[in-house]
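The file model.pdb contains PDB, C-alpha atoms and all ligand atoms:
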ATOM      1  CA  MET A  21      79.200 112.878 119.016  1.00  0.00           C
ATOM      2  CA  ARG A  22      79.272 115.320 116.162  1.00  0.00           C
ATOM      3  CA  LEU A  23      80.183 114.421 112.597  1.00  0.00           C
ATOM      4  CA  LEU A  24      82.758 117.194 112.529  1.00  0.00           C
ATOM      5  CA  THR A  25      84.478 115.669 115.573  1.00  0.00           C
ATOM      6  CA  ILE A  26      84.608 112.235 113.912  1.00  0.00           C
ATOM      7  CA  LEU A  27      86.056 113.672 110.701  1.00  0.00           C
ATOM      8  CA  ARG A  28      88.699 115.665 112.591  1.00  0.00           C
ATOM      9  CA  GLN A  29      89.722 112.630 114.619  1.00  0.00           C
ATOM     10  CA  ARG A  30      89.477 109.856 112.021  1.00  0.00           C
ATOM     11  CA  TYR A  31      90.277 111.683 108.784  1.00  0.00           C
ATOM     12  CA  PRO A  32      92.491 114.629 109.590  1.00  0.00           C
ATOM     13  CA  HIS A  33      94.130 116.185 106.552  1.00  0.00           C
ATOM     14  CA  LYS A  34      97.294 118.098 107.248  1.00  0.00           C
ATOM     15  CA  GLY A  35      97.046 121.623 105.889  1.00  0.00           C
ATOM     16  CA  PHE A  36      93.236 121.527 105.543  1.00  0.00           C
ATOM     17  CA  VAL A  37      90.305 122.448 107.762  1.00  0.00           C
ATOM     18  CA  TYR A  38      86.797 120.973 107.786  1.00  0.00           C
ATOM     19  CA  GLU A  39      83.848 123.354 107.885  1.00  0.00           C
ATOM     20  CA  GLU A  40      80.610 122.473 109.696  1.00  0.00           C
ATOM     21  CA  PRO A  41      78.763 119.719 107.731  1.00  0.00           C
ATOM     22  CA  GLU A  42      75.377 120.734 106.322  1.00  0.00           C
ATOM     23  CA  PHE A  43      72.364 119.136 104.681  1.00  0.00           C
ATOM     24  CA  VAL A  44      72.071 120.012 100.992  1.00  0.00           C
ATOM     25  CA  GLU A  45      69.438 119.098  98.402  1.00  0.00           C
ATOM     26  CA  ARG A  46      71.156 117.518  95.417  1.00  0.00           C
ATOM     27  CA  ASP A  47      69.325 115.912  92.489  1.00  0.00           C
ATOM     28  CA  GLY A  48      66.140 115.666  94.527  1.00  0.00           C
ATOM     29  CA  ARG A  49      67.670 114.008  97.570  1.00  0.00           C
ATOM     30  CA  THR A  50      69.176 115.181 100.804  1.00  0.00           C
ATOM     31  CA  VAL A  51      72.905 114.713 101.180  1.00  0.00           C
ATOM     32  CA  ILE A  52      75.504 115.784 103.720  1.00  0.00           C
ATOM     33  CA  GLN A  53      78.072 118.204 102.396  1.00  0.00           C
ATOM     34  CA  VAL A  54      81.302 118.957 104.193  1.00  0.00           C
ATOM     35  CA  SER A  55      83.321 121.863 102.876  1.00  0.00           C
ATOM     36  CA  LEU A  56      87.061 121.937 103.285  1.00  0.00           C
ATOM     37  CA  ARG A  57      89.423 124.877 103.015  1.00  0.00           C
ATOM     38  CA  PRO A  58      93.191 125.189 103.185  1.00  0.00           C
ATOM     39  CA  ARG A  59      94.557 125.902 106.644  1.00  0.00           C
ATOM     40  CA  LYS A  60      95.760 129.485 106.866  1.00  0.00           C
ATOM     41  CA  GLY A  61      99.347 129.743 105.686  1.00  0.00           C
ATOM     42  CA  SER A  62      99.449 126.216 104.226  1.00  0.00           C
ATOM     43  CA  ARG A  63     100.886 126.004 100.726  1.00  0.00           C
ATOM     44  CA  ALA A  64      99.468 123.910  97.936  1.00  0.00           C
ATOM     45  CA  ILE A  65     101.384 120.829  96.767  1.00  0.00           C
ATOM     46  CA  CYS A  66     102.053 120.411  93.052  1.00  0.00           C
ATOM     47  CA  SER A  67     100.364 117.264  91.685  1.00  0.00           C
ATOM     48  CA  GLY A  68     103.233 116.902  89.209  1.00  0.00           C
ATOM     49  CA  CYS A  69     106.288 116.727  91.466  1.00  0.00           C
ATOM     50  CA  GLY A  70     104.891 116.745  95.008  1.00  0.00           C
ATOM     51  CA  GLU A  71     106.691 119.927  96.012  1.00  0.00           C
ATOM     52  CA  CYS A  72     105.058 122.974  97.593  1.00  0.00           C
ATOM     53  CA  GLY A  73     104.668 125.866  95.215  1.00  0.00           C
ATOM     54  CA  PRO A  74     103.305 129.376  95.137  1.00  0.00           C
ATOM     55  CA  GLY A  75      99.552 129.646  94.570  1.00  0.00           C
ATOM     56  CA  TYR A  76      98.254 130.577  91.144  1.00  0.00           C
ATOM     57  CA  ASP A  77      94.450 130.702  91.486  1.00  0.00           C
ATOM     58  CA  CYS A  78      91.461 128.636  92.622  1.00  0.00           C
ATOM     59  CA  LEU A  79      89.203 126.433  90.517  1.00  0.00           C
ATOM     60  CA  ALA A  80      85.433 126.100  90.914  1.00  0.00           C
ATOM     61  CA  GLU A  81      84.199 124.038  93.848  1.00  0.00           C
ATOM     62  CA  ARG A  82      84.323 120.307  93.219  1.00  0.00           C
ATOM     63  CA  LEU A  83      82.518 117.504  95.008  1.00  0.00           C
ATOM     64  CA  CYS A  84      84.095 114.271  96.051  1.00  0.00           C
ATOM     65  CA  GLN A  85      82.023 111.412  97.443  1.00  0.00           C
ATOM     66  CA  PHE A  86      82.825 110.217 100.941  1.00  0.00           C
ATOM     67  CA  VAL A  87      81.576 107.222 102.973  1.00  0.00           C
ATOM     68  CA  PRO A  88      77.757 107.440 103.375  1.00  0.00           C
ATOM     69  CA  LEU A  89      76.213 107.842 106.801  1.00  0.00           C
ATOM     70  CA  TRP A  90      72.867 106.264 107.775  1.00  0.00           C
ATOM     71  CA  GLY A  91      71.900 106.003 104.115  1.00  0.00           C
ATOM     72  CA  LEU A  92      72.812 109.602 103.371  1.00  0.00           C
ATOM     73  CA  ALA A  93      75.424 110.314 100.722  1.00  0.00           C
ATOM     74  CA  VAL A  94      78.298 112.424 102.020  1.00  0.00           C
ATOM     75  CA  PHE A  95      80.326 114.769  99.831  1.00  0.00           C
ATOM     76  CA  PHE A  96      83.449 116.777 100.430  1.00  0.00           C
ATOM     77  CA  ALA A  97      83.325 120.165  98.709  1.00  0.00           C
ATOM     78  CA  TYR A  98      86.562 121.915  97.942  1.00  0.00           C
ATOM     79  CA  ARG A  99      87.948 124.541  95.598  1.00  0.00           C
ATOM     80  CA  MET A 100      91.233 123.113  94.312  1.00  0.00           C
ATOM     81  CA  ARG A 101      94.105 125.569  94.169  1.00  0.00           C
ATOM     82  CA  ARG A 102      96.423 125.742  91.213  1.00  0.00           C
ATOM     83  CA  VAL A 103     100.135 125.864  91.812  1.00  0.00           C
ATOM     84  CA  ASP A 104     102.627 127.894  89.837  1.00  0.00           C
ATOM     85  CA  CYS A 105     105.329 125.229  90.057  1.00  0.00           C
ATOM     86  CA  PRO A 106     108.838 126.250  88.979  1.00  0.00           C
ATOM     87  CA  ARG A 107     109.398 122.718  87.641  1.00  0.00           C
ATOM     88  CA  CYS A 108     106.034 121.667  86.172  1.00  0.00           C
ATOM     89  CA  GLY A 109     104.365 124.973  85.310  1.00  0.00           C
ATOM     90  CA  VAL A 110     100.794 125.634  86.436  1.00  0.00           C
ATOM     91  CA  THR A 111      99.265 122.447  87.874  1.00  0.00           C
ATOM     92  CA  VAL A 112      96.300 121.563  90.066  1.00  0.00           C
ATOM     93  CA  GLU A 113      97.239 120.894  93.673  1.00  0.00           C
ATOM     94  CA  ARG A 114      97.424 117.421  95.201  1.00  0.00           C
ATOM     95  CA  VAL A 115      94.858 116.807  97.949  1.00  0.00           C
ATOM     96  CA  PRO A 116      95.152 113.941 100.429  1.00  0.00           C
ATOM     97  CA  TRP A 117      91.550 112.693 100.245  1.00  0.00           C
ATOM     98  CA  ALA A 118      91.386 111.961  96.513  1.00  0.00           C
ATOM     99  CA  ARG A 119      93.647 110.832  93.721  1.00  0.00           C
ATOM    100  CA  GLY A 120      93.931 112.797  90.482  1.00  0.00           C
ATOM    101  CA  LYS A 121      90.582 113.572  88.909  1.00  0.00           C
ATOM    102  CA  GLU A 122      88.671 110.981  90.944  1.00  0.00           C
ATOM    103  CA  GLN A 123      85.159 112.021  91.975  1.00  0.00           C
ATOM    104  CA  GLN A 124      85.399 109.770  95.031  1.00  0.00           C
ATOM    105  CA  THR A 125      87.521 110.007  98.136  1.00  0.00           C
ATOM    106  CA  GLU A 126      89.914 107.125  98.733  1.00  0.00           C
ATOM    107  CA  ALA A 127      87.888 106.317 101.871  1.00  0.00           C
ATOM    108  CA  PHE A 128      84.765 105.868  99.718  1.00  0.00           C
ATOM    109  CA  ALA A 129      86.642 103.727  97.211  1.00  0.00           C
ATOM    110  CA  TRP A 130      87.712 101.412 100.055  1.00  0.00           C
ATOM    111  CA  PHE A 131      84.167 101.368 101.408  1.00  0.00           C
TER
HETATM  112 ZN    ZN A 201     105.731 120.511  90.252  1.00  0.00          ZN
END

Could you rewrite the structure in this file as structure tokens?
Ligand SMILES: [Zn+2]
Amino acid sequence: MRLLTILRQRYPHKGFVYEEPEFVERDGRTVIQVSLRPRKGSRAICSGCGECGPGYDCLAERLCQFVPLWGLAVFFAYRMRRVDCPRCGVTVERVPWARGKEQQTEAFAWF
């Protein structure tokens, strides 16, 4: 069974798509990196009020630690969108796998 299949089945995120996981060298060790991107046509959710808003721009790619596999660290990589919210102004979007500025996914925190 492929890692991508497990992620799609066990950790689906509405409005987001997983890319093919890859091995990456990070700080002298091999890790698994899984990039995510917004599903085509999905709108970003304002982290302030939870409403969908028009896109503003994208931030630099950020890593978020996920549950390790066979001793290998696993990271989600994603470029957060900013939302031009009519209520809150320009805010960073809310993503379902992490809370606020956490560098870990909620799944990793539970683990
Ligand atoms: Zn808002």

Inset, instruction - Between A:Ala93, A:Cys78, A:Met100, A:Cys66, single out the one closest to ligand ZN 201 (chain A), counting all atoms listed in the file. - result: A:Cys66

Inset, instruction - Run through the PyMOL selection byres (((chain A and resi 67) around 7) and not hetatm) on the given coordinates and return the selected residues as a list in words. - result: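 Selected by the PyMOL selection byres (((chain A and resi 67) around 7) and not hetatm) in this file: Ile65, Cys66, Gly68, Cys69, Gly70, Thr111, Val112, Glu113 and Arg114 of chain A.
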
Inset, instruction - Identify, on the basis of all atoms listed in the file, every residue whose closest approach to Cys84 in chain A does not exceed 10 Å; exclude the query and any residue fewer than 6 positions from it along the same chain; express the result as JSON, numbers by chain. - result: {"A": [53, 54, 94, 95, 96, 97, 98, 117, 118, 121, 122, 123, 124, 125, 126, 128]}

Legend entry - Residues near Pro58 in chain A, cut-off 8 Å, all atoms listed in the file, skip fewer than 5 positions along chain, as number ranges by chain: A: 35-37

Inset, instruction - Enter the distance from CA of Lys60 in chain A to CA of Arg101 in chain A, in Å, rounded to one decimal. - result: 13.4 Å

Legend entry - Residue nearest ligand ZN 201 (chain A) - candidates A:Met21, A:Val115, A:Leu92, A:Glu71, atoms counted: only C-alpha atoms and all ligand atoms: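 Ranked by minimum distance to ligand ZN 201 (chain A), first place goes to A:Glu71.
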
Legend entry - Distance criterion (all atoms listed in the file): nearest to ligand ZN 201 (chain A) out of A:Cys108, A:Phe43, A:Arg102, A:Arg30: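 Smallest separation from ligand ZN 201 (chain A) among the options: A:Cys108.
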
Inset, instruction - May I ask for the distance between CA of Arg57 in chain A and CA of Glu40 in chain A, given in Å to one decimal place? - result: 11.3 Å

To box range 36-49 of chain A, take all atoms listed in the file, fit an axis-aligned box, add 6 Å on each side, and give centre and edge lengths in Å to one decimal, as JSON.
{"center_x": 79.7, "center_y": 118.7, "center_z": 101.1, "size_x": 39.1, "size_y": 21.3, "size_z": 29.2}

Inset, instruction - Can you work out which one of A:Arg99, A:Pro88, A:Trp130, A:Pro74 has the shortest atom-to-atom distance to ligand ZN 201 (chain A), counting only C-alpha atoms and all ligand atoms? - result: A:Pro74

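Proximity to Tyr31 in chain A was assessed for A:Val110, A:Asp104, A:Gly91, A:Ala127 counting only C-alpha atoms; the smallest distance is recorded for A:Ala127.
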
Return range 43-61 of chain A, completed with N, CA, C and O atoms, as a compact mmCIF listing (two decimals), keeping the file's coordinate frame.
# COMPACT_ATOMS: atom_id res chain seq x y z
N PHE A 43 73.26 119.86 105.58
CA PHE A 43 72.36 119.14 104.68
C PHE A 43 72.16 119.98 103.43
O PHE A 43 71.93 121.18 103.52
N VAL A 44 72.23 119.33 102.27
CA VAL A 44 72.07 120.01 100.99
C VAL A 44 71.16 119.17 100.12
O VAL A 44 71.22 117.94 100.16
N GLU A 45 70.28 119.81 99.37
CA GLU A 45 69.44 119.10 98.40
C GLU A 45 70.22 118.96 97.10
O GLU A 45 70.68 119.97 96.55
N ARG A 46 70.40 117.73 96.65
CA ARG A 46 71.16 117.52 95.42
C ARG A 46 70.45 116.45 94.59
O ARG A 46 70.25 115.34 95.04
N ASP A 47 70.05 116.82 93.38
CA ASP A 47 69.32 115.91 92.49
C ASP A 47 68.10 115.29 93.19
O ASP A 47 67.86 114.10 93.09
N GLY A 48 67.38 116.12 93.91
CA GLY A 48 66.14 115.67 94.53
C GLY A 48 66.30 114.83 95.78
O GLY A 48 65.35 114.22 96.25
N ARG A 49 67.50 114.75 96.32
CA ARG A 49 67.67 114.01 97.57
C ARG A 49 68.55 114.80 98.52
O ARG A 49 69.32 115.67 98.10
N THR A 50 68.40 114.48 99.79
CA THR A 50 69.18 115.18 100.80
C THR A 50 70.53 114.49 101.00
O THR A 50 70.58 113.28 101.15
N VAL A 51 71.57 115.25 100.95
CA VAL A 51 72.90 114.71 101.18
C VAL A 51 73.60 115.56 102.24
O VAL A 51 73.14 116.66 102.56
N ILE A 52 74.69 115.02 102.77
CA ILE A 52 75.50 115.78 103.72
C ILE A 52 76.71 116.32 102.97
O ILE A 52 77.40 115.57 102.28
N GLN A 53 76.93 117.60 103.07
CA GLN A 53 78.07 118.20 102.40
C GLN A 53 79.02 118.80 103.43
O GLN A 53 78.60 119.51 104.33
N VAL A 54 80.28 118.45 103.29
CA VAL A 54 81.30 118.96 104.19
C VAL A 54 82.31 119.76 103.37
O VAL A 54 82.99 119.20 102.50
N SER A 55 82.37 121.04 103.61
CA SER A 55 83.32 121.86 102.88
C SER A 55 84.68 121.82 103.57
O SER A 55 84.76 121.74 104.79
N LEU A 56 85.70 121.85 102.75
CA LEU A 56 87.06 121.94 103.28
C LEU A 56 87.69 123.21 102.75
O LEU A 56 87.32 123.71 101.68
N ARG A 57 88.64 123.74 103.50
CA ARG A 57 89.42 124.88 103.02
C ARG A 57 90.86 124.69 103.47
O ARG A 57 91.12 123.96 104.44
N PRO A 58 91.80 125.31 102.77
CA PRO A 58 93.19 125.19 103.18
C PRO A 58 93.39 125.86 104.54
O PRO A 58 92.76 126.88 104.82
N ARG A 59 94.21 125.26 105.37
CA ARG A 59 94.56 125.90 106.64
C ARG A 59 95.34 127.17 106.33
O ARG A 59 96.13 127.21 105.39
N LYS A 60 95.10 128.20 107.10
CA LYS A 60 95.76 129.49 106.87
C LYS A 60 97.28 129.30 106.83
O LYS A 60 97.86 128.68 107.72
N GLY A 61 97.89 129.80 105.79
CA GLY A 61 99.35 129.74 105.69
C GLY A 61 99.86 128.46 105.06
O GLY A 61 101.05 128.35 104.79
